[in-house]
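To keep things clear, I will list the structure first and then write my remarks on it.
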Amino acid sequence: GAMEAEKEFITMLKENQVDSTWSFSRIISELGTRDPRYWMVDDDPLWKKEMFEKYLSNR
């Protein structure tokens, strides 16, 4: 479900040591090409951006 996807996405960001120096387009180009978790919610780019911002604000 959505909660599961959210958890996986946040974990992916953590494991790749994503921080506020990353732009969202860097996540797309780096993680989108090699981490299948990026595509868990593949029809909703806005959701991904929100998760990224949520992740940064919780760091």
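Here's how to read the names in the structure tokens: chain A, B, ... by the order shown, residue numbers from 1 in each chain, ligand numbers from 1 in the order shown.
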Extract, using only C-alpha atoms, all DNA, RNA and protein residues at most 7 Å from stretch 14-28 of chain A, discarding same-chain residues fewer than 3 positions from it, and format them as a short mmCIF file (atom, residue, chain, number, x, y, z; two decimals) with N, CA and C atoms, in the first residue's frame.
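Once everything was written out, this is selection14.cif:
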data_model
loop_
_atom_site.label_atom_id
_atom_site.label_comp_id
_atom_site.auth_asym_id
_atom_site.auth_seq_id
_atom_site.Cartn_x
_atom_site.Cartn_y
_atom_site.Cartn_z
N ILE A 10 11.58 6.30 1.41
CA ILE A 10 12.40 6.99 2.40
C ILE A 10 13.66 6.19 2.71
N THR A 11 13.50 4.86 2.84
CA THR A 11 14.66 4.00 3.09
C THR A 11 15.67 4.09 1.95
N LEU A 31 18.97 7.66 -8.92
CA LEU A 31 18.25 6.54 -8.32
C LEU A 31 17.24 5.93 -9.29
N GLY A 32 16.66 6.78 -10.13
CA GLY A 32 15.68 6.28 -11.09
C GLY A 32 16.27 5.27 -12.06
N LYS A 49 8.23 13.80 -5.17
CA LYS A 49 8.77 15.09 -4.74
C LYS A 49 8.35 15.38 -3.30
N LEU A 56 13.64 15.24 3.77
CA LEU A 56 14.60 16.29 4.14
C LEU A 56 14.18 16.99 5.43
#
Practice prompt. Name the residues of chain A that fall into alpha helix (DSSP H) according to DSSP on the backbone, using the chain letters and numbers of this document, as number ranges by chain.
Written response: A: 2-15, 24-34, 45-57
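With distances restricted to only C-alpha atoms, A:Val41 is the closest residue to A:Gly1 from A:Val41, A:Trp47, A:Ser29, A:Pro36.
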Worksheet item: What does the distance from atom CA of A:Met51 to atom CA of A:Glu6 come to in Å, to one decimal?
Response: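 The value is 7.1 Å.
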Practice prompt. Considering only C-alpha atoms, state which residue in the set A:Arg34, A:Trp39, A:Ser57, A:Pro45 is at the smallest distance from A:Ala5.
Written response: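 Smallest separation from A:Ala5 among the options: A:Trp39.
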Worksheet entry | Test item: residues at most 7 Å from A:Glu8, only C-alpha atoms, excluding those fewer than 4 positions along its chain, as a list in words |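 Surrounding residues, per the criterion: Glu4, Met12 and Arg37 of chain A.
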Worksheet item: What separation in Å, quoted to one decimal, exists between atom CA of A:Asp43 and atom CA of A:Met3?
Response: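 Computing it gives 16.1 Å between the two atoms.
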